[in-house]
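Trainee: My questions will all concern the structure given below.
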There are 2 protein chains.
Amino acid sequence: MSPSIKRAYTPVPFTAVSIQDEFWTPRLFANRERTIPTEYSQLKDTGRIDAFRLDWMPGQEPIPHFFWDSDVAKWIEAASYSLATHPDPDLDALLDEVIALIASAQQPDGYLNVYFTVVEPEGRFADLRDAHELYCAGHLIEAAVAHFQATGKRSLLDPLCRYADYIGIVFGPKPGQKRGYCGHEEIELALVRLYHATGERRYLELSQYFVDERGRRPNYFDLETKALRQAGKAHHADDYFLPTMGKQFDHRYNQSHLPVREQTVVGGHAVRAMYLFSAMADLAGETGDESLLAACERLWANLCTTRMYITGGIGSSRGNEGFTFDYDRPTETAYAETCAAVGLVFWNHRLLQLTCDSRYADVMERALYNGVISGISLDGKSFFYVNPLASLGGHHREAWFNCACCPPNIARLLASLGEYIYSTGENDLAVHLYVSGDAQLNWRGQRVSIRQETRYPWDGAVNIQIHLDQPDTFGLKLRLPGWCREACLKVNGQPVDIAGLLDRGYIRLERAWQNGDRVEFDMAMPVERIYAHPNVRQAAGRVALQRGPVVYCLEQVDQPVPLDHLRLPREASLSAAFEPNLLDGVGVITGEARAVDQAAWGSALYQAGDLILRRVPLNAIPYYAWDNRQPGAMLVWIPETE
Amino acid sequence: MSPSIKRAYTPVPFTAVSIQDEFWTPRLFANRERTIPTEYSQLKDTGRIDAFRLDWMPGQEPIPHFFWDSDVAKWIEAASYSLATHPDPDLDALLDEVIALIASAQQPDGYLNVYFTVVEPEGRFADLRDAHELYCAGHLIEAAVAHFQATGKRSLLDPLCRYADYIGIVFGPKPGQKRGYCGHEEIELALVRLYHATGERRYLELSQYFVDERGRRPNYFDLETKALRQAGKAHHADDYFLPTMGKQFDHRYNQSHLPVREQTVVGGHAVRAMYLFSAMADLAGETGDESLLAACERLWANLCTTRMYITGGIGSSRGNEGFTFDYDRPTETAYAETCAAVGLVFWNHRLLQLTCDSRYADVMERALYNGVISGISLDGKSFFYVNPLASLGGHHREAWFNCACCPPNIARLLASLGEYIYSTGENDLAVHLYVSGDAQLNWRGQRVSIRQETRYPWDGAVNIQIHLDQPDTFGLKLRLPGWCREACLKVNGQPVDIAGLLDRGYIRLERAWQNGDRVEFDMAMPVERIYAHPNVRQAAGRVALQRGPVVYCLEQVDQPVPLDHLRLPREASLSAAFEPNLLDGVGVITGEARAVDQAAWGSALYQAGDLILRRVPLNAIPYYAWDNRQPGAMLVWIPETE
């Protein structure tokens, strides 16, 4: 990997990190043993893998869909990560088989896409706006890089380099090249990863081209629309978009309404936005482009102060699978696609490497412990595409989707979770997430090991041990989470005052570290009542419960009355406990709430006079764990009462 | 009109009622002087009237729409009512002109419909489900009856009798007849009116046929769909319905899912439901059919205890312009079509005549003072189609609609408002609504006059005087409104104890009435805090304000802080006042509320810790009067605080 002075921190790769964690290990086990195999079966059963045989004939069902390649690619990425940490000859062989099939589908010129080879060969790169062609290429590139890094094999990397080279010939600013870019961002960040894997700067430059070209005038997609119409054709999603958007395609949908450096408001399709912004953060880190970083920071501020759910879910609207307007936080109809929360992790993880600012880790953590893992059942076998913040009881995880982006997206994130825990800078080792296990680094000329022991997120105590051959003076940075209002710290048993050590939200302990040094970090983790900004009308008069990074919800099965009858008194005492036999072991919050007395109310639809409230127990579970028992209503934002 | 023993009460016709009322007179003036002329201009300008010339040629724009006839018909009805109470030679001549044009469009066989004469002549009665053909016939019949009753002229009545006779030949249970009925109910109630106007029992029987046939198996619309498909055709709204309803037409949409007597849940399109139920109430009243009355009562109970807005608006969903499920009361996205509230008045007014039960008058009043008149601007020139209970500021009245059902619907109701105030039974004169003015009756063998003086709905005091030539012993029934929790009554200055006089929600004063007898009825009218049933999740933790029959709202222009920041303390003292210079004179409610201190909050989207609330004045105006000043947000259900 080329060193970059602009990106001050580098993630410690997940291959160097071993997770032995009460919270995460069962999830990673389920991901490895159930999710990844289940997803392979789905990909196989639905024809997505065999489609690479290129033997589809007109009239045959199912018709390969133009985003199928990406589903397979994300699965390869997840399986490769799994292989890197948990060797598995069968999985290795299966990957080889799938990859050989994919490689066999490559065309002589390097092109590699099932749909535009067998279904619509005349349509190659003619509908960049809707047909996900470069998006599929991007996911295949990410898969190739992951497989190469996991196995050292170039069986997928080489074909994807050839494809990327072909794309670099077709697209670009030179005469004879298409000045287009993809309607669904993804290839931009993938090319940066390909650059990291190969050291070939042309891939970085191609990513830069795609990012810089986006939103220029005249808008490429307008030209494309014109060309399609002249040829008597239409965009692949015109039928969907044009009625929804009122006859005219809204360029905000795919972030092409303005050049990226001029964008200030996070709009359009949420996953698209996250992938673009991730690439922008990557490029800012690689090239030191201040204007890209400034754009990221503006967009981040807009997102995180006005457009994010408390769960780290993003995207309020099903209509555009994305953003609406500032402070609009519908709950039952929240979209909050699992992929968008995953994308939010990607983007914030990248921003975090630039300056090691804890606000990015806070968002990353918020998404990880809530809106990301809500996307998968505890048994690893079913998935939410949409993660609402309230449900009447009809929303349930499913084993698969026709548009199956979310299941492999969560699988690849979980399989590489180790990568998100630590980063190293020149003089600093940063701990972003509190997860039991250890990391083995080659850093500053020696082997350094760091070990965490914690019951986080159920307990705020973290014990850290440093092992190294020779003493070394560096900064150990411990993230002080945004949710934490009181913490204490000891080094080798001696209390340390945190106040003077804070650096962008991290406690920086600089000392000559000795082998066996111990750090005890204890974050007070009371039950917190969280309010939303007063402009969030959907949360007016309501409160959410959070403890540590975990956002809680009420599930009907735990309550003695209908969810909508509950009110939480402002002064209610709430206590936390760990229930080892509930939902694979979860922290719960209990307390005494009030319920409207329905018997006293009678049958009137509206009436005057005070409501009669009676005392009822309240039981909250972590949001991520809902819909793992009997179906029923769910609620995050609880009406308050006096 | 044929007497009916089943319908115990008969409305005192609006022609016998003179309204001189602070609240209603300005509205009726605006309706007469601005709404009716404006609507004529719209009908003329949009080609709806000239379409009856039948000179449309293929390729010409605009293409007459299949519901255009009904828009013209409802205007004729409104204009006829206006003419009956306010003679106007110009309007009389204009009506003659329009009616002559309509009559000229009648076909030799009696058929009378623009669209199916000039645009799609081969489609006559082939798509009863969607094409509104009998619906248009129904509105033309109502127009004809109204014009006949207003003017004595048979110029429209005779053609519509011929058309009704033709319909009676085409439709019915006999061999060779179509066993169909309209997808948009309306003709059923119109035929009862035609029966009343002409005394011809066959019209009543045809109405009975349509009502009885509805929902029978096999479903007529399924047979129709099959026939259309066999002919290579489709229903006119398939493009709209099938994607919305998931490939299969949902018969609940037009109340054809079950025979009407088996229906227990108010579902589907709200206006359709109201017109059907109105006809059912009519037929129950005419024929004494207990099973129809029982069905009405079941449906009424379902509607009024689970599916009605506090404004009397009905229909929660834009998708089906109608009902969703019990207790579902979305506010910003409420549909609450103006026509549906008008239809709710029609139905309840009919039910009221059967037994003089005040619960029907309560619903009628709730709709009239809130969800009906919100549908028209104070100047009478613009209209809401949709009447939400909260707005972010983007919802405004419009001068006209492509689907222009609402503007003439509200015009015909206002122009005949006098009809809703009084009813006479054999021995009772009932006062349903408190409106200043007088009614001149020919009743029980003499001229009886009743005069009300009141500032209702701003004040609960009503003074009533009875004039009659000879003393007569009868019951004067005064409605004790459902909203009223304390009232006192005097007859000729002597207090009367109400308690023993209550009869189905009416205070029945039986005595030998003398000329000049005075009744003073005083209803305490405090500001009421209204709650919704605990199952109404959208109103959880919220309160609405009502005084008398008027529901209040907060409009942004009156508040010092953004609407969503406001909280109403449970113990806040609220006071009512009349503001003569505001919104043409309205009652207002003022008090002290709390607002979240945004400066103290900062910019965080979510945070722990108590909200800081500061004192702010609260100013509420009647819901019906919103959006008559500068555009802004509006809210009915206000979050409460301690």
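Convention: chains lettered A, B, ... in structure tokens order; per-chain residue numbering from 1; ligands numbered from 1 as shown.
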Please extract the residues of range 281-514 of chain B with a backbone DSSP assignment of helix (DSSP H, G or I) and present them as a ChimeraX atom specification.

Mentor: /B:281-287,290-306,338-355,358-375,406-415,417-420,499-501

Trainee: Check which residues of chain A sit at most 9 Å from chain B using only C-alpha atoms, and return one row each with the closest pair of atoms and their distance in Å to one decimal, ordered by chain and rising number, as a Markdown table.

Mentor:
| residue | atom | partner | partner_atom | distance |
| --- | --- | --- | --- | --- |
| A:Cys304 | CA | B:Leu605 | CA | 7.0 |
| A:Thr305 | CA | B:Leu605 | CA | 4.8 |
| A:Thr306 | CA | B:Leu605 | CA | 6.1 |
| A:Arg307 | CA | B:Leu605 | CA | 8.3 |
| A:Met308 | CA | B:Leu605 | CA | 8.0 |
| A:Tyr309 | CA | B:Leu605 | CA | 8.8 |
| A:Ile310 | CA | B:Tyr606 | CA | 6.9 |
| A:Tyr327 | CA | B:Leu605 | CA | 8.2 |
| A:Trp483 | CA | B:Ala608 | CA | 8.3 |
| A:Glu528 | CA | B:Ala608 | CA | 6.1 |
| A:Arg529 | CA | B:Ala608 | CA | 5.5 |
| A:Ile530 | CA | B:Ala608 | CA | 4.3 |
| A:Tyr531 | CA | B:Gln607 | CA | 5.6 |
| A:Ala532 | CA | B:Tyr606 | CA | 4.5 |
| A:His533 | CA | B:Leu605 | CA | 5.0 |
| A:Pro534 | CA | B:His565 | CA | 5.4 |
| A:Asn535 | CA | B:Asp564 | CA | 6.2 |
| A:Val536 | CA | B:Asp564 | CA | 7.5 |
| A:Arg537 | CA | B:Asp564 | CA | 5.4 |
| A:Gln538 | CA | B:Asp564 | CA | 8.9 |
| A:Ala540 | CA | B:Pro639 | CA | 6.6 |
| A:Gly541 | CA | B:Pro639 | CA | 5.6 |
| A:Arg542 | CA | B:Gly541 | CA | 8.1 |
| A:Gln546 | CA | B:Ala608 | CA | 8.9 |
| A:Pro562 | CA | B:Asn535 | CA | 7.9 |
| A:Leu563 | CA | B:Arg537 | CA | 8.9 |
| A:Asp564 | CA | B:Arg537 | CA | 5.4 |
| A:His565 | CA | B:Pro534 | CA | 5.4 |
| A:Leu566 | CA | B:Ala540 | CA | 8.6 |
| A:Arg567 | CA | B:Gly541 | CA | 7.5 |
| A:Arg570 | CA | B:Asp610 | CA | 8.8 |
| A:Ala595 | CA | B:Pro534 | CA | 8.9 |
| A:Val596 | CA | B:Pro534 | CA | 6.4 |
| A:Asp597 | CA | B:Pro534 | CA | 8.3 |
| A:Gln598 | CA | B:Pro534 | CA | 6.9 |
| A:Trp601 | CA | B:His533 | CA | 7.4 |
| A:Gly602 | CA | B:His533 | CA | 8.5 |
| A:Ser603 | CA | B:Thr305 | CA | 6.6 |
| A:Ala604 | CA | B:Thr305 | CA | 5.7 |
| A:Leu605 | CA | B:Thr305 | CA | 4.8 |
| A:Tyr606 | CA | B:Ala532 | CA | 4.5 |
| A:Gln607 | CA | B:Ile530 | CA | 5.3 |
| A:Ala608 | CA | B:Ile530 | CA | 4.3 |
| A:Gly609 | CA | B:Arg529 | CA | 6.7 |
| A:Asp610 | CA | B:Tyr531 | CA | 8.1 |
| A:Leu611 | CA | B:Tyr531 | CA | 7.6 |
| A:Pro639 | CA | B:Gly541 | CA | 5.6 |
| A:Glu640 | CA | B:Gly541 | CA | 6.8 |
| A:Thr641 | CA | B:Thr641 | CA | 6.7 |
| A:Glu642 | CA | B:Glu642 | CA | 4.9 |

Trainee: Mind checking which residues fall within 8 Å of range 30-39 of chain B, counting only C-alpha atoms, ignoring those fewer than 4 positions away in the same chain, and posting them as a PyMOL selection string?

Mentor: chain B and resi 26+43+75+78-79+82+378-381+407-408+411+414-415

Trainee: Mind dumping the selected residues with N, CA, C and O atoms as a short mmCIF file (atom, residue, chain, number, x, y, z; two decimals), in the first residue's frame?

Mentor:
data_model
loop_
_atom_site.label_atom_id
_atom_site.label_comp_id
_atom_site.auth_asym_id
_atom_site.auth_seq_id
_atom_site.Cartn_x
_atom_site.Cartn_y
_atom_site.Cartn_z
N PRO B 26 -72.45 35.11 6.58
CA PRO B 26 -71.34 35.49 5.68
C PRO B 26 -70.90 34.34 4.78
O PRO B 26 -70.52 34.55 3.63
N LEU B 43 -66.46 25.77 -14.73
CA LEU B 43 -67.12 24.74 -15.55
C LEU B 43 -67.14 25.15 -17.01
O LEU B 43 -66.93 24.34 -17.92
N TRP B 75 -73.27 21.65 -9.64
CA TRP B 75 -73.40 23.11 -9.68
C TRP B 75 -74.85 23.52 -9.90
O TRP B 75 -75.35 24.44 -9.26
N ALA B 78 -76.59 23.23 -6.64
CA ALA B 78 -76.26 24.35 -5.75
C ALA B 78 -76.95 25.63 -6.20
O ALA B 78 -77.55 26.36 -5.40
N ALA B 79 -76.87 25.90 -7.50
CA ALA B 79 -77.47 27.14 -8.03
C ALA B 79 -78.98 27.13 -7.85
O ALA B 79 -79.59 28.17 -7.56
N SER B 82 -79.83 27.99 -4.33
CA SER B 82 -79.60 29.42 -4.13
C SER B 82 -80.79 30.22 -4.66
O SER B 82 -81.30 31.13 -4.02
N LEU B 378 -62.45 31.38 3.29
CA LEU B 378 -63.42 32.33 3.83
C LEU B 378 -64.02 33.20 2.74
O LEU B 378 -65.17 33.59 2.83
N ASP B 379 -63.26 33.45 1.68
CA ASP B 379 -63.80 34.29 0.60
C ASP B 379 -64.62 33.47 -0.39
O ASP B 379 -65.13 34.02 -1.37
N GLY B 380 -64.69 32.15 -0.17
CA GLY B 380 -65.54 31.32 -1.02
C GLY B 380 -64.96 31.00 -2.38
O GLY B 380 -65.63 30.46 -3.24
N LYS B 381 -63.68 31.32 -2.57
CA LYS B 381 -63.12 31.20 -3.92
C LYS B 381 -62.13 30.06 -4.10
O LYS B 381 -61.66 29.82 -5.21
N PRO B 407 -65.56 21.20 -4.88
CA PRO B 407 -66.11 22.57 -4.86
C PRO B 407 -67.64 22.63 -5.01
O PRO B 407 -68.30 23.26 -4.17
N PRO B 408 -68.24 21.96 -6.01
CA PRO B 408 -69.71 22.07 -6.07
C PRO B 408 -70.42 21.27 -4.98
O PRO B 408 -71.58 21.56 -4.67
N ALA B 411 -70.70 23.63 -2.18
CA ALA B 411 -71.64 24.69 -2.56
C ALA B 411 -73.08 24.22 -2.41
O ALA B 411 -73.94 24.96 -1.91
N LEU B 414 -73.94 24.04 1.39
CA LEU B 414 -74.14 25.35 2.02
C LEU B 414 -75.42 26.01 1.52
O LEU B 414 -76.15 26.61 2.30
N ALA B 415 -75.69 25.87 0.23
CA ALA B 415 -76.89 26.52 -0.33
C ALA B 415 -78.18 25.93 0.23
O ALA B 415 -79.23 26.55 0.17
#

Trainee: Kindly give the distance, in Å, that separates CA of Cys403 in chain A and CA of Ile63 in chain A, rounded to a single decimal.

Mentor: 13.6 Å

Trainee: Just the number, please: distance in Å from CA of Leu351 in chain B to CA of Glu510 in chain B, one decimal.

Mentor: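 CA of Leu351 in chain B sits 23.4 Å away from CA of Glu510 in chain B.
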
Trainee: Just how far from CA of Ala279 in chain B is CA of Pro330 in chain B, in Å to one decimal?

Mentor: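 Interatomic distance here is 28.9 Å.
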
Trainee: Which residues are near Ile187 in chain A? Cut-off 8 Å, only C-alpha atoms, ignore same chain within fewer than 6 positions. Put them as a list in words.

Mentor: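 Surrounding residues, per the criterion: Leu134, Tyr135, Cys136, Ala137, Gly138, His139, Ile141 and Ser207 of chain A.
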
Trainee: Hey, what does DSSP flag as strand (DSSP E) within range 469-502 of chain A? Can you give it to me as a PyMOL selection string?

Mentor: chain A and resi 472-479+487-491+494-496+502

Trainee: Choose the residue, out of B:Leu352, B:Leu189, B:Leu476, B:Leu292, that has the smallest atom-to-atom separation from Glu426 in chain B; count only C-alpha atoms.

Mentor: B:Leu476

Trainee: Env of Leu299 in chain B: 12 Å cut, atoms = only C-alpha atoms, seq-sep filter 6 positions within chain, self excluded. Answer as JSON, numbers by chain.

Mentor: {"B": [255, 260, 261, 262, 263, 264, 265, 266, 267, 273, 274, 276, 277, 278, 280, 281, 292, 293, 305, 306, 307, 308, 347, 348, 351]}

Trainee: Which of these, A:Asp517, A:Glu142, A:Asp69, A:Asp522, has the shortest distance to Asp459 in chain A once you count only C-alpha atoms?

Mentor: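 Distance minimum relative to Asp459 in chain A lands on A:Asp522.
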
Trainee: From the list A:Tyr253, A:Phe578, A:Cys356, A:His349, which residue is nearest Trp458 in chain A when using only C-alpha atoms?

Mentor: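 The shortest atom-to-atom distance to Trp458 in chain A comes from A:Phe578.
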
Trainee: Could you build a table of the residues in range 141-195 of chain A lying no more than 12 Å from range 92-97 of chain A, giving for each the nearest pair of atoms and their separation in Å rounded to one decimal place, using only C-alpha atoms, ordered by chain and ascending residue number, as a Markdown table?

Mentor:
| residue | atom | partner | partner_atom | distance |
| --- | --- | --- | --- | --- |
| A:Ala143 | CA | A:Leu95 | CA | 10.7 |
| A:Ala144 | CA | A:Leu95 | CA | 11.0 |
| A:Ala146 | CA | A:Leu95 | CA | 11.6 |
| A:His147 | CA | A:Leu95 | CA | 8.6 |
| A:Phe148 | CA | A:Leu95 | CA | 11.5 |
| A:Ala150 | CA | A:Asp92 | CA | 10.0 |
| A:Thr151 | CA | A:Asp92 | CA | 8.5 |
| A:Gly152 | CA | A:Asp92 | CA | 11.8 |
| A:Lys153 | CA | A:Asp96 | CA | 9.4 |
| A:Arg154 | CA | A:Asp96 | CA | 10.7 |
| A:Ser155 | CA | A:Asp96 | CA | 7.9 |
| A:Leu156 | CA | A:Asp96 | CA | 8.9 |

Trainee: Name all residues at most 10 Å from range 236-252 of chain A (count only C-alpha atoms; drop same-chain ones fewer than 4 positions away) and give them as an MDAnalysis selection string.

Mentor: chainID A and resid 66 127:132 183 215 219 221:222 225 256:258 263 265:269 273 319:320 323

Trainee: Restricting the calculation to only C-alpha atoms, which member of B:Gly371, B:Pro526, B:Pro549, B:Gly315 is positioned closest to Ile589 in chain B?

Mentor: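 Closest residue, counting only C-alpha atoms: B:Pro526.
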